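Colleague: What follows is model20.cif, made up of mmCIF, C-alpha atoms:
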```cif
data_structure
loop_
_atom_site.label_atom_id
_atom_site.label_comp_id
_atom_site.auth_asym_id
_atom_site.auth_seq_id
_atom_site.Cartn_x
_atom_site.Cartn_y
_atom_site.Cartn_z
CA GLN M 1 0.00 0.00 0.00
CA ARG M 2 2.83 2.37 0.80
CA VAL M 3 4.43 1.65 -2.58
CA ILE M 4 1.17 2.29 -4.42
CA LYS M 5 0.59 5.54 -2.53
CA TRP M 6 4.15 6.69 -3.27
CA GLU M 7 3.73 5.99 -7.01
CA LYS M 8 0.45 7.90 -7.03
CA ASN M 9 2.11 10.93 -5.47
CA ILE M 10 4.81 10.90 -8.13
CA VAL M 11 2.25 10.84 -10.94
CA LYS M 12 0.16 13.48 -9.21
CA ASN M 13 3.07 15.90 -8.74
CA ALA M 14 4.75 15.23 -12.07
CA THR M 15 4.41 17.50 -15.08
CA PHE M 16 3.57 15.63 -18.24
CA PHE M 17 6.42 15.96 -20.74
CA GLY M 18 6.77 13.77 -23.80
CA THR M 19 5.20 10.32 -23.53
CA ASN M 20 6.39 9.54 -20.02
CA PRO M 21 4.13 11.04 -17.30
CA ILE M 22 6.76 10.48 -14.62
CA THR M 23 9.44 12.56 -16.41
CA PRO M 24 9.64 15.95 -14.68
CA LYS M 25 9.63 19.14 -16.76
CA PRO M 26 13.23 20.21 -17.46
CA THR M 27 14.57 23.49 -16.19
CA LYS M 28 15.00 26.39 -18.63
CA LYS M 29 18.75 25.74 -18.79
CA LYS M 30 18.28 22.07 -19.63
CA TRP M 31 15.58 22.96 -22.14
CA MET M 32 17.91 25.35 -23.98
CA LYS M 33 20.65 22.70 -24.07
CA ARG M 34 18.15 20.24 -25.50
CA ARG M 35 17.09 22.74 -28.18
CA ARG M 36 20.71 23.37 -29.17
CA ARG M 37 21.31 19.66 -29.33
CA ARG M 38 18.31 19.22 -31.63
CA SER M 39 19.50 22.10 -33.80
CA ARG M 40 22.91 20.51 -34.15
CA ALA M 41 21.23 17.20 -34.95
CA SER M 42 19.19 18.83 -37.70
CA LEU M 43 22.40 20.27 -39.13
CA SER M 44 24.41 17.11 -38.61
CA LEU M 45 26.28 15.78 -41.59
CA ARG M 46 25.04 12.69 -43.33
CA ASN M 47 27.96 13.19 -45.70
CA VAL M 48 25.52 14.18 -48.43
CA GLY M 49 27.82 16.91 -49.74
CA ALA M 50 30.76 14.55 -50.15
CA THR M 51 28.55 12.19 -52.15
CA ILE M 52 26.88 14.86 -54.28
CA TYR M 53 30.12 16.64 -55.18
CA GLY M 54 32.53 13.72 -55.17
CA ASP M 55 34.68 12.88 -58.19
CA GLU M 56 32.46 10.03 -59.34
CA ALA M 57 29.34 12.19 -59.18
CA VAL M 58 30.93 15.03 -61.15
CA LEU M 59 32.49 12.76 -63.79
CA GLY M 60 29.24 10.82 -64.17
CA ASN M 61 27.18 13.98 -64.18
CA THR M 62 24.16 13.75 -66.51
CA ALA M 63 22.93 17.33 -66.16
CA GLU M 64 22.12 19.18 -69.38
CA PRO M 65 24.81 21.74 -70.29
CA ILE M 66 23.87 25.31 -71.15
CA ASN M 67 23.81 25.80 -74.92
CA ASP M 68 23.40 29.56 -75.19
CA ILE M 69 26.78 30.92 -74.08
CA LEU M 70 28.01 34.46 -74.59
CA SER M 71 31.75 34.73 -75.22
CA ILE M 72 33.15 37.80 -73.47
CA ASP M 73 36.67 36.99 -74.71
CA SER M 74 37.35 33.53 -76.14
CA SER M 75 41.12 34.11 -76.29
CA LEU M 76 41.17 34.71 -72.53
CA GLY M 77 38.49 32.14 -71.77
CA ILE M 78 35.71 34.28 -70.28
CA TYR M 79 32.09 33.25 -70.89
CA VAL M 80 28.67 34.21 -69.51
CA CYS M 81 25.43 32.20 -69.59
CA GLU M 82 22.32 31.40 -67.59
CA SER M 83 22.62 28.87 -64.78
CA GLY M 84 19.01 27.74 -64.81
CA LEU M 85 18.38 29.12 -61.31
CA THR M 86 15.15 31.02 -60.67
CA ALA M 87 14.91 33.87 -58.16
CA VAL M 88 13.15 31.52 -55.73
CA LYS M 89 15.91 28.90 -55.98
CA CYS M 90 18.56 31.58 -55.52
CA GLN M 91 16.84 32.70 -52.33
CA GLU M 92 16.65 29.11 -51.07
CA ILE M 93 20.43 28.80 -51.33
CA ILE M 94 20.92 32.16 -49.58
CA ASP M 95 18.54 31.15 -46.77
CA ALA M 96 20.30 27.80 -46.33
CA ALA M 97 23.67 29.55 -46.11
CA GLU M 98 22.44 32.12 -43.59
CA CYS M 99 20.85 29.36 -41.52
CA LEU M 100 24.14 27.49 -41.38
CA ALA M 101 26.08 30.67 -40.55
CA SER M 102 23.71 31.49 -37.68
CA HIS M 103 24.20 28.03 -36.15
CA LYS M 104 27.96 28.17 -36.64
CA GLY M 105 28.03 31.64 -35.14
CA ALA M 106 29.73 33.27 -38.12
CA TRP M 107 30.70 32.88 -41.75
CA SER M 108 34.02 31.18 -42.47
CA ALA M 109 36.94 32.53 -44.50
CA TYR M 110 38.74 29.58 -46.08
CA THR M 111 39.15 31.25 -49.49
CA TYR M 112 40.38 34.75 -50.38
CA ALA M 113 36.90 36.09 -49.61
CA LYS M 114 36.28 37.06 -45.98
CA GLN M 115 32.84 35.45 -45.73
CA THR M 116 32.46 31.99 -47.24
CA LEU M 117 30.68 28.73 -46.47
CA GLY M 118 31.48 25.36 -47.99
CA CYS M 119 28.42 23.59 -49.35
CA LYS M 120 29.80 20.25 -48.16
CA GLU M 121 29.55 21.41 -44.54
CA TYR M 122 25.76 21.42 -44.49
CA ASP M 123 23.48 18.87 -46.10
CA GLY M 124 20.71 21.39 -46.77
CA LEU M 125 23.11 23.76 -48.52
CA ALA M 126 24.66 20.90 -50.49
CA GLU M 127 21.28 19.70 -51.73
CA ALA M 128 20.00 23.21 -52.53
CA SER M 129 23.09 23.92 -54.66
CA GLU M 130 23.29 20.60 -56.49
CA ASP M 131 21.40 21.46 -59.71
CA PRO M 132 23.24 24.69 -60.64
CA ILE M 133 26.62 23.22 -59.69
CA MET M 134 26.13 20.14 -61.83
CA THR M 135 24.84 22.28 -64.70
CA ALA M 136 28.01 24.39 -64.48
CA CYS M 137 30.24 21.30 -64.43
CA ALA M 138 28.43 19.82 -67.44
CA THR M 139 28.69 23.10 -69.35
CA VAL M 140 32.45 23.29 -68.85
CA ARG M 141 32.97 19.62 -69.68
CA ASP M 142 30.69 19.36 -72.72
CA ARG M 143 30.95 22.85 -74.20
CA LEU M 144 33.89 24.95 -73.07
CA GLU M 145 36.68 22.41 -72.75
CA GLU M 146 36.31 21.36 -76.38
CA VAL M 147 36.10 24.97 -77.59
CA TRP M 148 39.15 25.94 -75.57
CA ALA M 149 41.25 22.96 -76.74
CA SER M 150 40.24 23.34 -80.39
CA SER M 151 41.34 27.00 -80.38
CA GLY M 152 44.92 25.91 -79.60
CA ASN M 153 45.05 27.35 -76.09
CA ASN M 154 47.33 25.93 -73.42
CA LYS M 155 46.25 26.09 -69.82
CA ASP M 156 49.65 25.64 -68.23
CA SER M 157 51.87 28.41 -69.48
CA GLY M 158 51.84 31.83 -71.10
CA SER M 159 49.04 34.17 -72.02
CA SER M 160 46.36 32.80 -74.31
CA ARG M 161 46.75 35.92 -76.43
CA GLU M 162 50.44 35.15 -76.97
CA LYS M 163 49.66 31.61 -78.12
CA GLU M 164 46.81 32.55 -80.42
CA HIS M 165 48.99 32.53 -83.57
CA ASP M 166 51.53 29.90 -82.53
CA VAL M 167 52.47 27.46 -85.32
CA ILE M 168 53.90 24.01 -84.61
CA PRO M 169 56.78 23.08 -86.96
CA ALA M 170 56.10 20.16 -89.30
CA ALA M 171 58.95 18.12 -87.78
CA ASP M 172 57.34 18.31 -84.39
CA THR M 173 53.89 17.28 -85.58
CA PRO M 174 52.78 14.31 -83.43
CA GLY M 175 51.64 11.02 -84.85
CA GLU M 176 48.04 9.90 -85.00
CA GLY M 177 48.14 8.10 -81.67
CA GLU M 178 49.82 11.06 -80.02
CA VAL M 179 47.19 13.42 -81.39
CA GLU M 180 44.45 11.28 -79.94
CA GLU M 181 46.19 11.29 -76.55
CA THR M 182 46.76 15.06 -76.70
CA MET M 183 43.15 15.82 -77.63
CA LYS M 184 41.77 13.43 -75.02
CA PRO M 185 39.50 15.43 -72.68
CA LYS M 186 40.85 16.06 -69.21
CA LYS M 187 38.93 14.71 -66.26
CA LEU M 188 37.78 17.80 -64.38
CA VAL M 189 36.35 17.50 -60.87
CA LEU M 190 35.48 19.92 -58.11
CA ASP M 191 38.33 20.87 -55.80
CA THR M 192 38.33 19.24 -52.37
CA ARG M 193 36.34 21.90 -50.51
CA GLU M 194 34.16 23.03 -53.38
CA PRO M 195 31.66 24.45 -54.05
CA HIS M 196 31.13 27.40 -51.69
CA VAL M 197 28.90 30.42 -51.12
CA VAL M 198 30.42 33.90 -50.84
CA LYS M 199 28.81 36.85 -49.10
CA TYR M 200 29.70 40.53 -49.48
CA ASP M 201 28.22 43.19 -47.19
CA ILE M 202 29.16 46.57 -45.75
CA SER M 203 29.63 45.50 -42.10
CA ARG M 204 33.42 45.83 -42.55
CA MET M 205 35.59 47.31 -45.26
CA GLU M 206 37.30 44.01 -46.05
CA ARG M 207 33.90 42.36 -46.55
CA ARG M 208 32.86 44.77 -49.29
CA LYS M 209 35.32 43.55 -51.92
CA LEU M 210 37.95 41.00 -52.88
CA ASP M 211 41.48 41.98 -53.87
CA MET M 212 43.20 40.97 -57.10
CA HIS M 213 44.12 37.29 -57.19
CA THR M 214 44.13 34.10 -59.25
CA ASP M 215 42.32 30.85 -58.46
CA ARG M 216 43.96 27.47 -58.08
CA SER M 217 41.71 25.96 -60.72
CA VAL M 218 41.54 25.11 -64.39
CA TRP M 219 38.10 26.71 -64.62
CA THR M 220 36.21 28.86 -62.13
CA PHE M 221 32.47 29.46 -62.28
CA ILE M 222 30.52 32.10 -60.35
CA ILE M 223 26.72 32.15 -60.14
CA ALA M 224 24.97 35.34 -58.98
CA LEU M 225 22.41 34.59 -56.24
CA SER M 226 21.38 38.21 -55.61
CA GLU M 227 20.33 41.01 -57.93
CA GLY M 228 22.56 44.02 -58.47
CA ARG M 229 21.64 47.30 -60.17
CA GLY M 230 20.62 48.80 -56.84
CA GLN M 231 18.09 46.11 -55.88
CA ASP M 232 19.94 43.82 -53.44
CA TYR M 233 23.20 45.72 -53.67
CA ALA M 234 24.97 48.46 -55.63
CA GLY M 235 28.43 48.28 -57.16
CA GLY M 236 30.10 44.89 -57.25
CA GLY M 237 30.98 42.85 -60.31
CA THR M 238 34.11 40.91 -61.30
CA PHE M 239 37.01 42.91 -62.75
CA PHE M 240 39.51 41.12 -65.02
CA GLU M 241 42.95 42.66 -65.25
CA GLU M 242 43.78 41.42 -68.75
CA LEU M 243 40.33 42.31 -70.04
CA ASN M 244 40.50 45.68 -68.24
CA ALA M 245 36.76 45.58 -67.69
CA THR M 246 34.19 44.62 -65.05
CA VAL M 247 31.57 41.96 -65.77
CA HIS M 248 28.21 42.39 -64.01
CA LEU M 249 25.80 39.48 -63.62
CA GLN M 250 22.07 39.48 -63.05
CA ARG M 251 20.56 37.04 -60.56
CA GLY M 252 20.78 33.49 -61.87
CA GLN M 253 23.48 34.23 -64.44
CA MET M 254 26.86 32.52 -64.42
CA ILE M 255 30.35 33.56 -65.49
CA ILE M 256 32.92 30.88 -66.34
CA PHE M 257 36.60 31.72 -66.81
CA ARG M 258 40.11 30.32 -66.63
CA GLY M 259 41.31 30.14 -63.05
CA LYS M 260 44.72 31.66 -63.78
CA LEU M 261 43.22 34.96 -64.96
CA ARG M 262 43.87 37.75 -62.48
CA HIS M 263 40.58 39.13 -61.23
CA ARG M 264 39.00 40.83 -58.22
CA GLY M 265 35.60 41.42 -56.65
CA VAL M 266 34.66 45.08 -57.05
CA LYS M 267 33.55 46.86 -53.88
CA ILE M 268 29.82 47.04 -53.18
CA LEU M 269 28.38 50.37 -52.04
CA TYR M 270 25.48 48.99 -50.01
CA GLY M 271 23.36 45.88 -49.55
CA ARG M 272 24.39 42.23 -49.69
CA ARG M 273 25.84 40.30 -52.59
CA TYR M 274 25.76 36.49 -52.61
CA LEU M 275 27.61 34.21 -55.03
CA LEU M 276 27.76 30.45 -55.58
CA VAL M 277 31.30 29.58 -56.62
CA GLY M 278 33.08 26.43 -57.80
CA PHE M 279 36.68 25.55 -58.76
CA LEU M 280 37.19 22.78 -61.32
CA VAL M 281 40.58 21.05 -61.23
CA GLU M 282 42.14 18.05 -62.92
CA GLN M 283 41.40 14.79 -61.16
CA LYS M 284 44.35 13.44 -59.22
CA CYS M 285 45.42 9.94 -60.16
#
```
Kindly present the structure from the file in structure tokens form.

Modeller:
Amino acid sequence: QRVIKWEKNIVKNATFFGTNPITPKPTKKKWMKRRRRRSRASLSLRNVGATIYGDEAVLGNTAEPINDILSIDSSLGIYVCESGLTAVKCQEIIDAAECLASHKGAWSAYTYAKQTLGCKEYDGLAEASEDPIMTACATVRDRLEEVWASSGNNKDSGSSREKEHDVIPAADTPGEGEVEETMKPKKLVLDTREPHVVKYDISRMERRKLDMHTDRSVWTFIIALSEGRGQDYAGGGTFFEELNATVHLQRGQMIIFRGKLRHRGVKILYGRRYLLVGFLVEQKC
């Protein structure tokens, strides 16, 4: 009888929480810890990004390449096209990136840009970015690599302008088998930590722009996630030293260029500018 009475008192005095009526209501401190734990669990990695953007996935990519490509300068290797992203999809990627940054406490800075986030770090961001990234990879592989190789350009040394009129002596002309090996397409994959989202804002001077630099890539692609022309931000754009001009993208557009071209992110005057960026490199054996 004493045992039964004791059990009744527990149930009577307990606050119902979850499915167990005997579990007491947690304190505010414990509740906040539990919420943070759930948040981390919702952001926990299932290694989706590594699967989506791994070498096998990129090489076996079946996305449709973009056919309508504007050549800004074919001798330098600068092209602009649509990425297939709508304004809604662009905003989904921005929201996913900001959600991750808020849980991490801040944006990272693992590239030249001061505010970046790797898509592989967050499953939601990886999945939201998959379609435009794979479209960019397919466009480079199926359209631009062939155009670049057929124009006689060499990615490893010298300016493309200097090599535009190079003539190979007849004695050095390779045999048929060597030609086939030379013209064999390179296997391009995303660099280890790619792709990533970049954010520019006016909270600090160094976050407004990106200084002149080159990328450690064969090809770099940049997709505009926000609208310029005074809507989401003013200023901005990508300036190319050898072109001596700034290229401005509208939301959803993509610029693809050779990674060794010196370029910089032009300072924004106000607002926020978001970019989805990827570096394509040769697959390591």

Colleague: List the spatial neighbours of Arg272 of chain M as a PDB file with C-alpha atoms, keeping the file's coordinate frame - criterion: any atom at most 9 Å away, all atoms listed in the file, same-chain residues fewer than 5 positions off excluded.

Modeller:
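After the write, part-v4.pdb holds the following:
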```pdb
ATOM      1  CA  LYS M 199      28.810  36.850 -49.100  1.00  0.00           C
ATOM      2  CA  TYR M 200      29.700  40.530 -49.480  1.00  0.00           C
ATOM      3  CA  ASP M 201      28.220  43.190 -47.190  1.00  0.00           C
ATOM      4  CA  ILE M 202      29.160  46.570 -45.750  1.00  0.00           C
ATOM      5  CA  ARG M 208      32.860  44.770 -49.290  1.00  0.00           C
ATOM      6  CA  SER M 226      21.380  38.210 -55.610  1.00  0.00           C
ATOM      7  CA  ASP M 232      19.940  43.820 -53.440  1.00  0.00           C
ATOM      8  CA  TYR M 233      23.200  45.720 -53.670  1.00  0.00           C
ATOM      9  CA  ALA M 234      24.970  48.460 -55.630  1.00  0.00           C
TER      10      ALA M 234
END
```

Colleague: For a cut-off of 10 Å around (29.8, 39.8, -62.2), file coordinates, pick out all residues using all atoms listed in the file and list them as a list in words.

Modeller: Val80, Ile222, Ile223, Ala224, Gly228, Gly235, Gly236, Gly237, Thr238, Phe239, Thr246, Val247, His248, Leu249, Gln250, Arg251, Gln253, Met254, Ile255, Gly265, Val266 and Leu275 of chain M

Colleague: Can you work out which one of M:Leu59, M:Ala87, M:Met134, M:Leu100 has the shortest atom-to-atom distance to Phe221 of chain M, counting only C-alpha atoms?

Modeller: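 That would be M:Met134, the residue with the smallest distance to Phe221 of chain M.
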
Colleague: I'd like to know which of M:Ser102, M:Thr139, M:Thr51, M:Ser129 is closest to Tyr79 of chain M, using all atoms listed in the file.

Modeller: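 Comparing M:Ser102, M:Thr139, M:Thr51, M:Ser129 against Tyr79 of chain M, the winner is M:Thr139.
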
Colleague: Report, in Å with one decimal, the straight-line distance from atom CA of Asp55 of chain M to atom CA of Ser217 of chain M.

Modeller: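 Separating atom CA of Asp55 of chain M from atom CA of Ser217 of chain M is a distance of 15.1 Å.
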
Colleague: Could you pull the residues within 6 Å of Val189 of chain M, counting only C-alpha atoms, minus those fewer than 4 positions along the same chain, as a list in words?

Modeller: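 With the cut-off at 6 Å, the set is Asp55, Val58, Leu280, Val281 and Gln283 of chain M.
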
Colleague: For segment 255-272 of chain M, where the input has fewer atoms than it should, I would like N, CA, C and O atoms rebuilt and written as a JSON list (two decimals), keeping the file's coordinate frame.

Modeller:
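As a result, part34.json now contains:
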```json
[["chain", "number", "residue", "atom", "x", "y", "z"],
["M", 255, "ILE", "N", 29.14, 33.26, -64.72],
["M", 255, "ILE", "CA", 30.35, 33.56, -65.49],
["M", 255, "ILE", "C", 31.33, 32.42, -65.28],
["M", 255, "ILE", "O", 31.50, 31.92, -64.16],
["M", 256, "ILE", "N", 31.94, 31.97, -66.37],
["M", 256, "ILE", "CA", 32.92, 30.88, -66.34],
["M", 256, "ILE", "C", 34.20, 31.40, -66.96],
["M", 256, "ILE", "O", 34.18, 32.00, -68.04],
["M", 257, "PHE", "N", 35.33, 31.19, -66.29],
["M", 257, "PHE", "CA", 36.60, 31.72, -66.81],
["M", 257, "PHE", "C", 37.77, 30.86, -66.34],
["M", 257, "PHE", "O", 37.63, 30.05, -65.40],
["M", 258, "ARG", "N", 38.91, 31.05, -67.00],
["M", 258, "ARG", "CA", 40.11, 30.32, -66.63],
["M", 258, "ARG", "C", 40.61, 30.78, -65.27],
["M", 258, "ARG", "O", 40.68, 31.97, -64.98],
["M", 259, "GLY", "N", 40.94, 29.81, -64.42],
["M", 259, "GLY", "CA", 41.31, 30.14, -63.05],
["M", 259, "GLY", "C", 42.56, 30.98, -62.91],
["M", 259, "GLY", "O", 42.72, 31.69, -61.91],
["M", 260, "LYS", "N", 43.46, 30.92, -63.89],
["M", 260, "LYS", "CA", 44.72, 31.66, -63.78],
["M", 260, "LYS", "C", 44.60, 33.12, -64.22],
["M", 260, "LYS", "O", 45.59, 33.85, -64.16],
["M", 261, "LEU", "N", 43.42, 33.55, -64.62],
["M", 261, "LEU", "CA", 43.22, 34.96, -64.96],
["M", 261, "LEU", "C", 43.16, 35.78, -63.67],
["M", 261, "LEU", "O", 42.44, 35.45, -62.73],
["M", 262, "ARG", "N", 43.91, 36.87, -63.65],
["M", 262, "ARG", "CA", 43.87, 37.75, -62.48],
["M", 262, "ARG", "C", 42.55, 38.53, -62.48],
["M", 262, "ARG", "O", 42.18, 39.15, -63.47],
["M", 263, "HIS", "N", 41.88, 38.48, -61.34],
["M", 263, "HIS", "CA", 40.58, 39.13, -61.23],
["M", 263, "HIS", "C", 40.35, 39.55, -59.78],
["M", 263, "HIS", "O", 41.04, 39.12, -58.87],
["M", 264, "ARG", "N", 39.34, 40.38, -59.57],
["M", 264, "ARG", "CA", 39.00, 40.83, -58.22],
["M", 264, "ARG", "C", 37.50, 41.11, -58.13],
["M", 264, "ARG", "O", 36.84, 41.35, -59.14],
["M", 265, "GLY", "N", 36.98, 41.06, -56.90],
["M", 265, "GLY", "CA", 35.60, 41.42, -56.65],
["M", 265, "GLY", "C", 35.50, 42.90, -56.36],
["M", 265, "GLY", "O", 36.08, 43.39, -55.39],
["M", 266, "VAL", "N", 34.77, 43.62, -57.20],
["M", 266, "VAL", "CA", 34.66, 45.08, -57.05],
["M", 266, "VAL", "C", 33.83, 45.41, -55.81],
["M", 266, "VAL", "O", 32.87, 44.71, -55.47],
["M", 267, "LYS", "N", 34.19, 46.46, -55.13],
["M", 267, "LYS", "CA", 33.55, 46.86, -53.88],
["M", 267, "LYS", "C", 32.07, 47.17, -54.08],
["M", 267, "LYS", "O", 31.68, 47.84, -55.04],
["M", 268, "ILE", "N", 31.23, 46.67, -53.16],
["M", 268, "ILE", "CA", 29.82, 47.04, -53.18],
["M", 268, "ILE", "C", 29.64, 48.31, -52.36],
["M", 268, "ILE", "O", 30.39, 48.58, -51.42],
["M", 269, "LEU", "N", 28.64, 49.10, -52.71],
["M", 269, "LEU", "CA", 28.38, 50.37, -52.04],
["M", 269, "LEU", "C", 27.38, 50.21, -50.91],
["M", 269, "LEU", "O", 27.47, 50.90, -49.89],
["M", 270, "TYR", "N", 26.42, 49.31, -51.07],
["M", 270, "TYR", "CA", 25.48, 48.99, -50.01],
["M", 270, "TYR", "C", 24.80, 47.67, -50.35],
["M", 270, "TYR", "O", 24.90, 47.17, -51.48],
["M", 271, "GLY", "N", 24.10, 47.12, -49.35],
["M", 271, "GLY", "CA", 23.36, 45.88, -49.55],
["M", 271, "GLY", "C", 24.19, 44.64, -49.31],
["M", 271, "GLY", "O", 25.25, 44.68, -48.66],
["M", 272, "ARG", "N", 23.73, 43.53, -49.84],
["M", 272, "ARG", "CA", 24.39, 42.23, -49.69],
["M", 272, "ARG", "C", 24.47, 41.53, -51.04],
["M", 272, "ARG", "O", 23.48, 41.48, -51.77]]
```
